[in-house]
file my_file-v4.pdb (PDB, C-alpha atoms (C1' of nucleotides))
ATOM      1  CA  MET A   1     116.754-141.999  89.195
ATOM      2  CA  GLU A   2     119.623-143.369  87.104
ATOM      3  CA  ARG A   3     119.560-146.937  86.008
ATOM      4  CA  ILE A   4     121.834-149.287  87.943
ATOM      5  CA  ALA A   5     123.550-152.048  85.986
ATOM      6  CA  GLU A   6     123.507-155.623  87.124
ATOM      7  CA  GLY A   7     127.047-155.631  88.452
ATOM      8  CA  GLU A   8     126.663-152.271  90.102
ATOM      9  CA  TYR A   9     123.608-153.551  91.830
ATOM     10  CA  ALA A  10     125.702-156.104  93.684
ATOM     11  CA  VAL A  11     127.666-153.229  95.178
ATOM     12  CA  MET A  12     124.514-151.398  96.150
ATOM     13  CA  GLU A  13     123.281-154.507  97.898
ATOM     14  CA  VAL A  14     126.358-154.536 100.061
ATOM     15  CA  LEU A  15     125.896-150.916 101.041
ATOM     16  CA  TRP A  16     122.195-151.257 101.605
ATOM     17  CA  ASP A  17     123.037-154.008 103.990
ATOM     18  CA  GLU A  18     125.664-152.052 105.864
ATOM     19  CA  ALA A  19     126.907-148.515 105.518
ATOM     20  CA  PRO A  20     129.019-146.540 105.521
ATOM     21  CA  LEU A  21     131.864-148.681 104.297
ATOM     22  CA  THR A  22     135.254-148.097 102.728
ATOM     23  CA  ALA A  23     135.996-149.401  99.264
ATOM     24  CA  ALA A  24     138.001-152.238 100.752
ATOM     25  CA  ASP A  25     135.141-153.178 103.057
ATOM     26  CA  VAL A  26     132.736-153.227 100.163
ATOM     27  CA  ALA A  27     135.090-155.418  98.171
ATOM     28  CA  ALA A  28     135.348-157.813 101.084
ATOM     29  CA  ARG A  29     131.593-158.121 101.258
ATOM     30  CA  VAL A  30     130.759-158.526  97.611
ATOM     31  CA  PRO A  31     129.668-162.103  96.940
ATOM     32  CA  GLU A  32     132.616-164.391  96.334
ATOM     33  CA  ASP A  33     131.253-165.757  93.098
ATOM     34  CA  ARG A  34     131.666-162.417  91.362
ATOM     35  CA  GLY A  35     135.400-162.928  91.590
ATOM     36  CA  TRP A  36     136.047-159.204  91.498
ATOM     37  CA  SER A  37     139.319-157.502  92.175
ATOM     38  CA  LEU A  38     139.442-154.498  94.448
ATOM     39  CA  ALA A  39     140.020-152.353  91.370
ATOM     40  CA  THR A  40     136.773-153.528  89.882
ATOM     41  CA  VAL A  41     134.864-152.669  92.999
ATOM     42  CA  LYS A  42     136.407-149.222  92.995
ATOM     43  CA  THR A  43     135.299-148.686  89.428
ATOM     44  CA  MET A  44     131.772-149.657  90.394
ATOM     45  CA  LEU A  45     131.853-147.241  93.302
ATOM     46  CA  SER A  46     132.958-144.370  91.055
ATOM     47  CA  ARG A  47     130.267-145.088  88.548
ATOM     48  CA  LEU A  48     127.627-145.306  91.211
ATOM     49  CA  LEU A  49     128.836-142.001  92.611
ATOM     50  CA  ALA A  50     128.641-140.479  89.147
ATOM     51  CA  LYS A  51     125.123-141.755  88.811
ATOM     52  CA  GLY A  52     124.241-140.090  92.052
ATOM     53  CA  VAL A  53     123.030-143.208  93.769
ATOM     54  CA  LEU A  54     125.885-143.207  96.270
ATOM     55  CA  THR A  55     127.436-140.493  98.357
ATOM     56  CA  HIS A  56     130.807-140.441 100.006
ATOM     57  CA  GLU A  57     132.237-138.605 102.911
ATOM     58  CA  GLU A  58     135.897-138.228 103.644
ATOM     59  CA  ASP A  59     137.379-140.163 106.478
ATOM     60  CA  GLY A  60     140.977-139.070 106.585
ATOM     61  CA  ARG A  61     142.528-140.232 103.389
ATOM     62  CA  ARG A  62     139.712-142.579 102.470
ATOM     63  CA  TYR A  63     136.113-142.338 101.598
ATOM     64  CA  LEU A  64     133.199-143.856 103.328
ATOM     65  CA  TYR A  65     130.450-144.748 100.928
ATOM     66  CA  ARG A  66     126.768-144.930 101.611
ATOM     67  CA  PRO A  67     123.662-145.255  99.495
ATOM     68  CA  ALA A  68     121.963-142.082  98.368
ATOM     69  CA  ILE A  69     118.772-143.853  97.431
ATOM     70  CA  ARG A  70     116.684-146.251  99.397
ATOM     71  CA  ARG A  71     116.590-149.858  98.450
ATOM     72  CA  GLU A  72     112.817-149.931  98.590
ATOM     73  CA  ASP A  73     112.609-147.074  96.155
ATOM     74  CA  TYR A  74     114.916-148.664  93.673
ATOM     75  CA  VAL A  75     113.306-152.046  93.957
ATOM     76  CA  ALA A  76     109.896-150.494  93.520
ATOM     77  CA  GLU A  77     110.995-148.728  90.400
ATOM     78  CA  GLU A  78     112.551-151.807  88.876
ATOM     79  CA  SER A  79     109.642-154.067  89.593
ATOM     80  CA  GLY A  80     107.264-151.451  88.278
ATOM     81  CA  ARG A  81     109.282-151.282  85.107
ATOM     82  CA  LEU A  82     109.151-155.023  84.650
ATOM     83  CA  ILE A  83     105.457-155.226  85.354
ATOM     84  CA  ASP A  84     104.805-152.455  82.876
ATOM     85  CA  ARG A  85     106.916-153.986  80.157
ATOM     86  CA  MET A  86     105.967-157.604  80.498
ATOM     87  CA  PHE A  87     102.515-157.561  81.972
ATOM     88  CA  GLY A  88     101.072-154.334  80.683
ATOM     89  CA  GLY A  89     101.219-152.930  84.177
ATOM     90  CA  ARG A  90      98.784-155.545  85.435
ATOM     91  CA  VAL A  91      99.945-157.162  88.641
ATOM     92  CA  PRO A  92      97.367-159.952  88.461
ATOM     93  CA  ALA A  93      98.880-160.964  85.143
ATOM     94  CA  LEU A  94     102.210-161.365  86.866
ATOM     95  CA  VAL A  95     100.700-163.450  89.620
ATOM     96  CA  ALA A  96      98.881-165.585  87.081
ATOM     97  CA  GLN A  97     102.129-166.148  85.288
ATOM     98  CA  LEU A  98     103.878-167.196  88.477
ATOM     99  CA  ALA A  99     101.045-169.513  89.294
ATOM    100  CA  ALA A 100     101.110-171.112  85.871
ATOM    101  CA  ARG A 101     104.798-171.778  86.324
ATOM    102  CA  ASP A 102     104.394-173.340  89.727
ATOM    103  CA  LYS A 103     106.412-170.608  91.301
ATOM    104  CA  LEU A 104     103.989-170.382  94.180
ATOM    105  CA  THR A 105     104.311-172.801  97.024
ATOM    106  CA  PRO A 106     101.317-173.380  99.270
ATOM    107  CA  ALA A 107     103.137-171.355 101.898
ATOM    108  CA  ASP A 108     103.558-168.484  99.441
ATOM    109  CA  ILE A 109      99.886-168.616  98.613
ATOM    110  CA  ALA A 110      98.889-168.537 102.247
ATOM    111  CA  GLU A 111     101.222-165.669 102.928
ATOM    112  CA  ILE A 112      99.983-163.631 100.012
ATOM    113  CA  GLU A 113      96.385-164.229 100.973
ATOM    114  CA  LYS A 114      97.122-163.024 104.444
ATOM    115  CA  LEU A 115      98.771-159.910 103.084
ATOM    116  CA  LEU A 116      95.836-159.135 100.863
ATOM    117  CA  LYS A 117      93.336-159.676 103.624
ATOM    118  CA  GLU A 118      95.149-157.178 105.799
ATOM    119  CA  LEU A 119      95.213-154.734 102.959
ATOM    120  CA  LYS A 120      91.472-154.669 102.787
ATOM    121  CA  SER A 121      91.031-153.869 106.411
TER     122      SER A 121
ATOM    123  CA  MET B   1     118.187-168.705  76.508
ATOM    124  CA  GLU B   2     120.102-165.594  75.503
ATOM    125  CA  ARG B   3     119.406-162.335  77.209
ATOM    126  CA  ILE B   4     117.296-159.900  75.189
ATOM    127  CA  ALA B   5     118.139-156.214  75.495
ATOM    128  CA  GLU B   6     115.516-153.603  76.178
ATOM    129  CA  GLY B   7     115.352-152.308  72.627
ATOM    130  CA  GLU B   8     115.394-155.764  71.150
ATOM    131  CA  TYR B   9     112.525-156.672  73.369
ATOM    132  CA  ALA B  10     110.335-154.116  71.622
ATOM    133  CA  VAL B  11     110.903-155.996  68.375
ATOM    134  CA  MET B  12     110.079-159.317  69.993
ATOM    135  CA  GLU B  13     106.832-157.855  71.280
ATOM    136  CA  VAL B  14     105.808-156.989  67.763
ATOM    137  CA  LEU B  15     106.500-160.500  66.541
ATOM    138  CA  TRP B  16     104.880-162.162  69.509
ATOM    139  CA  ASP B  17     101.821-160.185  68.658
ATOM    140  CA  GLU B  18     101.826-161.110  65.000
ATOM    141  CA  ALA B  19     104.068-163.346  62.960
ATOM    142  CA  PRO B  20     105.534-163.961  60.522
ATOM    143  CA  LEU B  21     106.341-160.462  59.380
ATOM    144  CA  THR B  22     108.829-158.854  57.037
ATOM    145  CA  ALA B  23     111.396-156.407  58.356
ATOM    146  CA  ALA B  24     109.355-153.535  56.961
ATOM    147  CA  ASP B  25     106.222-154.804  58.666
ATOM    148  CA  VAL B  26     108.028-155.045  61.961
ATOM    149  CA  ALA B  27     109.357-151.530  61.566
ATOM    150  CA  ALA B  28     105.854-150.288  60.867
ATOM    151  CA  ARG B  29     104.569-151.883  64.040
ATOM    152  CA  VAL B  30     107.248-150.875  66.479
ATOM    153  CA  PRO B  31     105.888-148.239  68.844
ATOM    154  CA  GLU B  32     106.132-144.765  67.376
ATOM    155  CA  ASP B  33     107.909-143.319  70.365
ATOM    156  CA  ARG B  34     111.017-145.374  69.710
ATOM    157  CA  GLY B  35     111.585-143.230  66.644
ATOM    158  CA  TRP B  36     113.526-145.990  64.937
ATOM    159  CA  SER B  37     114.633-146.039  61.348
ATOM    160  CA  LEU B  38     114.096-149.140  59.256
ATOM    161  CA  ALA B  39     117.851-149.730  59.423
ATOM    162  CA  THR B  40     117.715-149.865  63.185
ATOM    163  CA  VAL B  41     114.944-152.405  63.138
ATOM    164  CA  LYS B  42     116.934-154.531  60.724
ATOM    165  CA  THR B  43     119.907-154.428  63.044
ATOM    166  CA  MET B  44     117.699-155.581  65.884
ATOM    167  CA  LEU B  45     116.363-158.404  63.759
ATOM    168  CA  SER B  46     119.879-159.577  62.885
ATOM    169  CA  ARG B  47     120.953-159.524  66.478
ATOM    170  CA  LEU B  48     117.888-161.402  67.580
ATOM    171  CA  LEU B  49     118.534-163.976  64.864
ATOM    172  CA  ALA B  50     122.115-164.291  66.059
ATOM    173  CA  LYS B  51     120.868-164.826  69.578
ATOM    174  CA  GLY B  52     118.639-167.581  68.334
ATOM    175  CA  VAL B  53     115.432-166.083  69.614
ATOM    176  CA  LEU B  54     114.080-165.450  66.118
ATOM    177  CA  THR B  55     113.953-167.548  62.999
ATOM    178  CA  HIS B  56     113.454-166.463  59.434
ATOM    179  CA  GLU B  57     112.214-168.168  56.357
ATOM    180  CA  GLU B  58     112.700-166.941  52.824
ATOM    181  CA  ASP B  59     109.764-165.468  51.030
ATOM    182  CA  GLY B  60     111.058-164.720  47.555
ATOM    183  CA  ARG B  61     113.645-162.030  47.978
ATOM    184  CA  ARG B  62     112.695-161.216  51.539
ATOM    185  CA  TYR B  63     112.638-162.848  54.885
ATOM    186  CA  LEU B  64     109.728-163.503  57.098
ATOM    187  CA  TYR B  65     110.625-163.369  60.747
ATOM    188  CA  ARG B  66     108.995-165.194  63.599
ATOM    189  CA  PRO B  67     109.813-165.780  67.249
ATOM    190  CA  ALA B  68     111.770-168.891  68.121
ATOM    191  CA  ILE B  69     110.926-168.673  71.784
ATOM    192  CA  ARG B  70     107.594-168.276  73.476
ATOM    193  CA  ARG B  71     106.726-165.059  75.136
ATOM    194  CA  GLU B  72     105.568-166.839  78.267
ATOM    195  CA  ASP B  73     108.904-168.560  78.584
ATOM    196  CA  TYR B  74     110.884-165.405  78.253
ATOM    197  CA  VAL B  75     108.653-163.459  80.561
ATOM    198  CA  ALA B  76     108.834-166.241  83.128
ATOM    199  CA  GLU B  77     112.592-166.198  83.007
ATOM    200  CA  GLU B  78     112.851-162.450  83.352
ATOM    201  CA  SER B  79     110.418-162.189  86.193
ATOM    202  CA  GLY B  80     112.127-165.046  87.958
ATOM    203  CA  ARG B  81     115.409-163.231  87.609
ATOM    204  CA  LEU B  82     113.999-160.066  89.115
ATOM    205  CA  ILE B  83     112.328-161.868  91.981
ATOM    206  CA  ASP B  84     115.555-163.659  92.742
ATOM    207  CA  ARG B  85     117.677-160.550  92.649
ATOM    208  CA  MET B  86     115.430-158.127  94.426
ATOM    209  CA  PHE B  87     113.293-160.264  96.660
ATOM    210  CA  GLY B  88     115.538-163.177  97.427
ATOM    211  CA  GLY B  89     113.288-165.382  95.328
ATOM    212  CA  ARG B  90     110.364-164.774  97.633
ATOM    213  CA  VAL B  91     107.206-163.916  95.752
ATOM    214  CA  PRO B  92     105.347-162.781  98.871
ATOM    215  CA  ALA B  93     108.063-160.188  99.382
ATOM    216  CA  LEU B  94     107.297-158.834  95.944
ATOM    217  CA  VAL B  95     103.606-158.686  96.660
ATOM    218  CA  ALA B  96     104.254-156.992  99.980
ATOM    219  CA  GLN B  97     106.356-154.415  98.214
ATOM    220  CA  LEU B  98     103.630-153.738  95.665
ATOM    221  CA  ALA B  99     101.100-153.434  98.436
ATOM    222  CA  ALA B 100     103.255-151.011 100.379
ATOM    223  CA  ARG B 101     103.528-148.864  97.289
ATOM    224  CA  ASP B 102      99.819-148.831  96.604
ATOM    225  CA  LYS B 103     100.324-150.618  93.366
ATOM    226  CA  LEU B 104      97.377-152.847  94.055
ATOM    227  CA  THR B 105      93.903-151.593  93.285
ATOM    228  CA  PRO B 106      90.955-153.245  95.005
ATOM    229  CA  ALA B 107      90.190-154.885  91.680
ATOM    230  CA  ASP B 108      93.718-156.271  91.513
ATOM    231  CA  ILE B 109      93.393-157.639  95.007
ATOM    232  CA  ALA B 110      90.123-159.320  94.215
ATOM    233  CA  GLU B 111      91.517-160.803  91.061
ATOM    234  CA  ILE B 112      94.603-162.144  92.748
ATOM    235  CA  GLU B 113      92.556-163.646  95.541
ATOM    236  CA  LYS B 114      90.392-165.384  93.018
ATOM    237  CA  LEU B 115      93.446-166.748  91.238
ATOM    238  CA  LEU B 116      94.898-168.068  94.443
ATOM    239  CA  LYS B 117      91.668-169.654  95.504
ATOM    240  CA  GLU B 118      91.497-171.546  92.230
ATOM    241  CA  LEU B 119      95.065-172.633  92.660
ATOM    242  CA  LYS B 120      94.246-174.390  95.858
ATOM    243  CA  SER B 121      91.452-176.427  94.374
TER     244      SER B 121
ATOM    245  C1'  DG C   1     117.368-153.097  28.807
ATOM    246  C1'  DA C   2     118.546-149.178  32.049
ATOM    247  C1'  DG C   3     117.370-146.856  36.069
ATOM    248  C1'  DG C   4     115.657-146.934  40.292
ATOM    249  C1'  DC C   5     113.848-149.047  44.314
ATOM    250  C1'  DA C   6     113.590-152.601  47.983
ATOM    251  C1'  DG C   7     116.032-156.184  50.689
ATOM    252  C1'  DA C   8     119.588-158.196  53.179
ATOM    253  C1'  DA C   9     124.397-157.886  54.526
ATOM    254  C1'  DC C  10     128.079-155.322  56.095
ATOM    255  C1'  DT C  11     130.133-151.455  58.338
ATOM    256  C1'  DA C  12     130.161-147.551  61.653
ATOM    257  C1'  DC C  13     130.400-145.254  65.741
ATOM    258  C1'  DA C  14     129.104-143.572  70.432
ATOM    259  C1'  DT C  15     127.694-145.151  75.055
ATOM    260  C1'  DT C  16     127.334-148.438  78.745
ATOM    261  C1'  DT C  17     129.024-152.286  81.168
ATOM    262  C1'  DG C  18     132.383-155.645  82.873
ATOM    263  C1'  DT C  19     136.756-156.065  84.364
ATOM    264  C1'  DA C  20     140.819-154.413  85.420
ATOM    265  C1'  DA C  21     145.949-151.963  85.494
ATOM    266  C1'  DT C  22     148.435-147.949  86.409
ATOM    267  C1'  DC C  23     149.544-143.466  88.410
ATOM    268  C1'  DG C  24     150.341-140.049  91.724
ATOM    269  C1'  DA C  25     149.858-138.705  96.534
ATOM    270  C1'  DC C  26     150.407-139.495 101.124
ATOM    271  C1'  DA C  27     150.854-141.750 105.844
ATOM    272  C1'  DG C  28     153.228-144.807 108.894
ATOM    273  C1'  DG C  29     157.139-147.967 110.049
ATOM    274  C1'  DG C  30     161.741-148.293 110.474
TER     275       DG C  30
ATOM    276  C1'  DC D   1     163.650-138.995 106.073
ATOM    277  C1'  DC D   2     162.769-142.702 102.932
ATOM    278  C1'  DC D   3     160.239-146.977 101.464
ATOM    279  C1'  DT D   4     156.258-149.242 100.847
ATOM    280  C1'  DG D   5     151.714-150.126 101.012
ATOM    281  C1'  DT D   6     147.110-147.951 100.442
ATOM    282  C1'  DC D   7     143.846-144.609  98.404
ATOM    283  C1'  DG D   8     141.342-142.412  95.015
ATOM    284  C1'  DA D   9     141.770-140.940  90.120
ATOM    285  C1'  DT D  10     142.776-141.876  85.563
ATOM    286  C1'  DT D  11     143.199-144.820  81.744
ATOM    287  C1'  DA D  12     142.368-149.228  79.155
ATOM    288  C1'  DC D  13     140.037-152.256  76.530
ATOM    289  C1'  DA D  14     136.585-155.702  74.898
ATOM    290  C1'  DA D  15     131.662-156.873  74.561
ATOM    291  C1'  DA D  16     126.930-155.425  74.351
ATOM    292  C1'  DT D  17     123.651-151.980  72.993
ATOM    293  C1'  DG D  18     121.501-148.092  70.565
ATOM    294  C1'  DT D  19     121.175-146.098  66.372
ATOM    295  C1'  DA D  20     122.142-145.761  61.912
ATOM    296  C1'  DG D  21     124.553-145.389  56.958
ATOM    297  C1'  DT D  22     126.414-147.871  52.911
ATOM    298  C1'  DT D  23     126.759-151.512  49.613
ATOM    299  C1'  DC D  24     125.418-154.962  46.604
ATOM    300  C1'  DT D  25     122.033-157.316  44.150
ATOM    301  C1'  DG D  26     118.132-158.333  41.922
ATOM    302  C1'  DC D  27     113.207-157.258  40.399
ATOM    303  C1'  DC D  28     109.800-153.928  38.237
ATOM    304  C1'  DT D  29     108.773-150.235  35.421
ATOM    305  C1'  DC D  30     109.029-147.613  31.459
TER     306       DC D  30
END
call {"tool": "encode", "arguments": {"input": "my_file-v4.pdb", "output": "structure tokens"}}
result
Amino acid sequence: MERIAEGEYAVMEVLWDEAPLTAADVAARVPEDRGWSLATVKTMLSRLLAKGVLTHEEDGRRYLYRPAIRREDYVAEESGRLIDRMFGGRVPALVAQLAARDKLTPADIAEIEKLLKELKS
Amino acid sequence: MERIAEGEYAVMEVLWDEAPLTAADVAARVPEDRGWSLATVKTMLSRLLAKGVLTHEEDGRRYLYRPAIRREDYVAEESGRLIDRMFGGRVPALVAQLAARDKLTPADIAEIEKLLKELKS
DNA sequence: GAGGCAGAACTACATTTGTAATCGACAGGG
DNA sequence: CCCTGTCGATTACAAATGTAGTTCTGCCTC
């Protein structure tokens, strides 16, 4: 699976949330703070098509875009990559790091414990 | 803190592992499979210096390089970024994802549970 | 003391990414 | 039927990245 750049990812997010959409629809849904023009969004869409992570179908004179890969799959790949690179593939090392940085609220801890308990059953 | 590119990161790893080192030493320690020439490593070192994440001190005619930022800090920032982007900042969502993908061995689970238990004390 | 080697500094060049502008085709409104 | 707005396609261009090569300058060796 091709790598998706940071900016491109914002477009994927939109389409993972709702698809199919026209280019204009995507542009309208991209987070405001990107400050992108429609042209920029169209460039992103072309590149994502070229990378094979989007498909398009014709709808009259326009295209409707939709993701060709599942969000879960991409997210899994990216997090795996990070865990491999930064934590030697060891998930507990990641959790330890988060803990050391106070990134875990008591609610998070409870939730994770619950998850793990269910896993073992 | 400046963003460190993927390739540059490999150089940082070397120096986090052992420092200070000369450019040649770094080159010798970069993972084989990168297939980098000494020149490439030197370019990386310059760019990392420019980004302010390395420092160098003179050692006669050469430089000795050492990290200017701590590995833990960088790793914390990067993992935070990923968790924000892909999991809406929710760590339990990340753990759930790993679980769903069978990325957690029973040993991992036990280790994480132990970590969390200690956190609560 | 001249030649060569080792270092850093500078230069090079393709690809990817961010961020558009422009072009050519066509559909719909008047 | 023609104008104009809308589409996708093509082109643009700077910054970051990957991956070196080249140059200049001393130090070491013979």
call {"tool": "resolve_selection", "arguments": {"input": "my_file-v4.pdb", "expression": "the PyMOL selection byres ((chain A) within 9 of (chain C))", "output": "PDB file with C-alpha atoms, keeping the file's coordinate frame"}}
result
ATOM      1  CA  ALA A   5     123.550-152.048  85.986  1.00  0.00           C
ATOM      2  CA  GLU A   6     123.507-155.623  87.124  1.00  0.00           C
ATOM      3  CA  GLY A   7     127.047-155.631  88.452  1.00  0.00           C
ATOM      4  CA  TRP A  36     136.047-159.204  91.498  1.00  0.00           C
ATOM      5  CA  SER A  37     139.319-157.502  92.175  1.00  0.00           C
ATOM      6  CA  ALA A  39     140.020-152.353  91.370  1.00  0.00           C
ATOM      7  CA  THR A  40     136.773-153.528  89.882  1.00  0.00           C
ATOM      8  CA  THR A  43     135.299-148.686  89.428  1.00  0.00           C
ATOM      9  CA  ARG A  61     142.528-140.232 103.389  1.00  0.00           C
TER      10      ARG A  61
END
call {"tool": "closest_atom_pairs", "arguments": {"input": "my_file-v4.pdb", "of": "chain A", "to": "chain B", "cutoff": "10 Å", "atoms": "all atoms listed in the file", "output": "tab-separated table"}}
result
residue	atom	partner	partner_atom	distance
A:Glu6	CA	B:Arg85	CA	9.4
A:Tyr9	CA	B:Arg85	CA	9.2
A:Ala10	CA	B:Arg85	CA	9.2
A:Glu13	CA	B:Met86	CA	9.3
A:Arg71	CA	B:Met86	CA	9.3
A:Glu72	CA	B:Gln97	CA	7.9
A:Asp73	CA	B:Arg101	CA	9.3
A:Tyr74	CA	B:Met86	CA	9.5
A:Val75	CA	B:Met86	CA	6.5
A:Ala76	CA	B:Gln97	CA	7.1
A:Glu78	CA	B:Leu82	CA	8.4
A:Ser79	CA	B:Leu82	CA	7.4
A:Gly80	CA	B:Leu98	CA	8.5
A:Leu82	CA	B:Ser79	CA	7.4
A:Ile83	CA	B:Ser79	CA	8.6
A:Arg85	CA	B:Ala10	CA	9.2
A:Met86	CA	B:Val75	CA	6.4
A:Phe87	CA	B:Val75	CA	8.6
A:Gly89	CA	B:Lys103	CA	9.5
A:Arg90	CA	B:Asp108	CA	7.9
A:Val91	CA	B:Asp108	CA	6.9
A:Pro92	CA	B:Ile112	CA	5.6
A:Ala93	CA	B:Ile112	CA	8.8
A:Leu94	CA	B:Ser79	CA	8.3
A:Val95	CA	B:Ile112	CA	7.0
A:Ala96	CA	B:Leu115	CA	6.9
A:Gln97	CA	B:Ala76	CA	7.0
A:Leu98	CA	B:Ala76	CA	7.4
A:Ala99	CA	B:Leu119	CA	7.5
A:Ala100	CA	B:Leu119	CA	9.2
A:Arg101	CA	B:Ala76	CA	7.6
A:Asp102	CA	B:Leu119	CA	9.8
A:Lys103	CA	B:Val91	CA	8.1
A:Leu104	CA	B:Val91	CA	7.4
A:Thr105	CA	B:Val91	CA	9.4
A:Pro106	CA	B:Lys120	CA	7.9
A:Ala107	CA	B:Pro92	CA	9.4
A:Asp108	CA	B:Pro92	CA	6.0
A:Ile109	CA	B:Leu116	CA	6.5
A:Ala110	CA	B:Leu116	CA	8.8
A:Glu111	CA	B:Pro92	CA	6.5
A:Ile112	CA	B:Pro92	CA	5.5
A:Glu113	CA	B:Glu113	CA	6.7
A:Lys114	CA	B:Pro92	CA	9.9
A:Leu115	CA	B:Ala96	CA	6.9
A:Leu116	CA	B:Ile109	CA	6.5
A:Lys117	CA	B:Ile109	CA	8.9
A:Leu119	CA	B:Ala99	CA	7.5
A:Lys120	CA	B:Pro106	CA	7.9
call {"tool": "write_last_selection", "arguments": {"input": "my_file-v4.pdb", "atoms": "C-alpha atoms", "output": "compact mmCIF listing (two decimals), keeping the file's coordinate frame"}}
result
# COMPACT_ATOMS: atom_id res chain seq x y z
CA GLU A 6 123.51 -155.62 87.12
CA TYR A 9 123.61 -153.55 91.83
CA ALA A 10 125.70 -156.10 93.68
CA GLU A 13 123.28 -154.51 97.90
CA ARG A 71 116.59 -149.86 98.45
CA GLU A 72 112.82 -149.93 98.59
CA ASP A 73 112.61 -147.07 96.16
CA TYR A 74 114.92 -148.66 93.67
CA VAL A 75 113.31 -152.05 93.96
CA ALA A 76 109.90 -150.49 93.52
CA GLU A 78 112.55 -151.81 88.88
CA SER A 79 109.64 -154.07 89.59
CA GLY A 80 107.26 -151.45 88.28
CA LEU A 82 109.15 -155.02 84.65
CA ILE A 83 105.46 -155.23 85.35
CA ARG A 85 106.92 -153.99 80.16
CA MET A 86 105.97 -157.60 80.50
CA PHE A 87 102.52 -157.56 81.97
CA GLY A 89 101.22 -152.93 84.18
CA ARG A 90 98.78 -155.54 85.44
CA VAL A 91 99.94 -157.16 88.64
CA PRO A 92 97.37 -159.95 88.46
CA ALA A 93 98.88 -160.96 85.14
CA LEU A 94 102.21 -161.36 86.87
CA VAL A 95 100.70 -163.45 89.62
CA ALA A 96 98.88 -165.58 87.08
CA GLN A 97 102.13 -166.15 85.29
CA LEU A 98 103.88 -167.20 88.48
CA ALA A 99 101.04 -169.51 89.29
CA ALA A 100 101.11 -171.11 85.87
CA ARG A 101 104.80 -171.78 86.32
CA ASP A 102 104.39 -173.34 89.73
CA LYS A 103 106.41 -170.61 91.30
CA LEU A 104 103.99 -170.38 94.18
CA THR A 105 104.31 -172.80 97.02
CA PRO A 106 101.32 -173.38 99.27
CA ALA A 107 103.14 -171.36 101.90
CA ASP A 108 103.56 -168.48 99.44
CA ILE A 109 99.89 -168.62 98.61
CA ALA A 110 98.89 -168.54 102.25
CA GLU A 111 101.22 -165.67 102.93
CA ILE A 112 99.98 -163.63 100.01
CA GLU A 113 96.38 -164.23 100.97
CA LYS A 114 97.12 -163.02 104.44
CA LEU A 115 98.77 -159.91 103.08
CA LEU A 116 95.84 -159.14 100.86
CA LYS A 117 93.34 -159.68 103.62
CA LEU A 119 95.21 -154.73 102.96
CA LYS A 120 91.47 -154.67 102.79
call {"tool": "atom_distance", "arguments": {"input": "my_file-v4.pdb", "atom1": "atom CA of B:Asp59", "atom2": "atom C1' of D:DT23"}}
result
22.0 Å
call {"tool": "interface_residues", "arguments": {"input": "my_file-v4.pdb", "of": "chain D", "to": "chain A", "cutoff": "12 Å", "atoms": "only C-alpha atoms (C1' of nucleotides)", "output": "PyMOL selection string"}}
result
chain D and resi 6-11
call {"tool": "closest_residue", "arguments": {"input": "my_file-v4.pdb", "among": "B:Leu21, B:Ala28, B:Val53, B:Val41", "to": "B:Ala68", "atoms": "only C-alpha atoms"}}
result
B:Val53
call {"tool": "atom_distance", "arguments": {"input": "my_file-v4.pdb", "atom1": "atom CA of B:Tyr65", "atom2": "atom CA of B:Pro20"}}
result
5.1 Å
call {"tool": "atom_distance", "arguments": {"input": "my_file-v4.pdb", "atom1": "atom CA of A:Val11", "atom2": "atom CA of A:Glu77"}}
result
17.9 Å
call {"tool": "axis_aligned_box", "arguments": {"input": "my_file-v4.pdb", "around": "stretch 14-17 of chain C", "padding_each_side": "6 Å", "output": "JSON"}}
result
{"center_x": 128.2, "center_y": -147.9, "center_z": 75.8, "size_x": 13.8, "size_y": 20.7, "size_z": 22.7}
call {"tool": "build_atoms", "arguments": {"input": "my_file-v4.pdb", "residues": "stretch 82-90 of chain A", "atoms": "N, CA and C atoms", "output": "compact mmCIF listing (two decimals), in the coordinates of the input"}}
result
# COMPACT_ATOMS: atom_id res chain seq x y z
N LEU A 82 109.37 -153.68 85.19
CA LEU A 82 109.15 -155.02 84.65
C LEU A 82 107.67 -155.31 84.47
N ILE A 83 106.90 -154.95 85.45
CA ILE A 83 105.46 -155.23 85.35
C ILE A 83 104.85 -154.45 84.19
N ASP A 84 105.31 -153.24 84.01
CA ASP A 84 104.80 -152.46 82.88
C ASP A 84 105.18 -153.11 81.55
N ARG A 85 106.44 -153.46 81.43
CA ARG A 85 106.92 -153.99 80.16
C ARG A 85 106.32 -155.34 79.83
N MET A 86 106.30 -156.22 80.80
CA MET A 86 105.97 -157.60 80.50
C MET A 86 104.52 -157.97 80.78
N PHE A 87 103.89 -157.19 81.61
CA PHE A 87 102.52 -157.56 81.97
C PHE A 87 101.54 -156.41 81.76
N GLY A 88 101.95 -155.47 80.96
CA GLY A 88 101.07 -154.33 80.68
C GLY A 88 100.65 -153.60 81.94
N GLY A 89 101.52 -153.65 82.94
CA GLY A 89 101.22 -152.93 84.18
C GLY A 89 100.23 -153.65 85.08
N ARG A 90 99.80 -154.84 84.67
CA ARG A 90 98.78 -155.54 85.44
C ARG A 90 99.40 -156.57 86.38
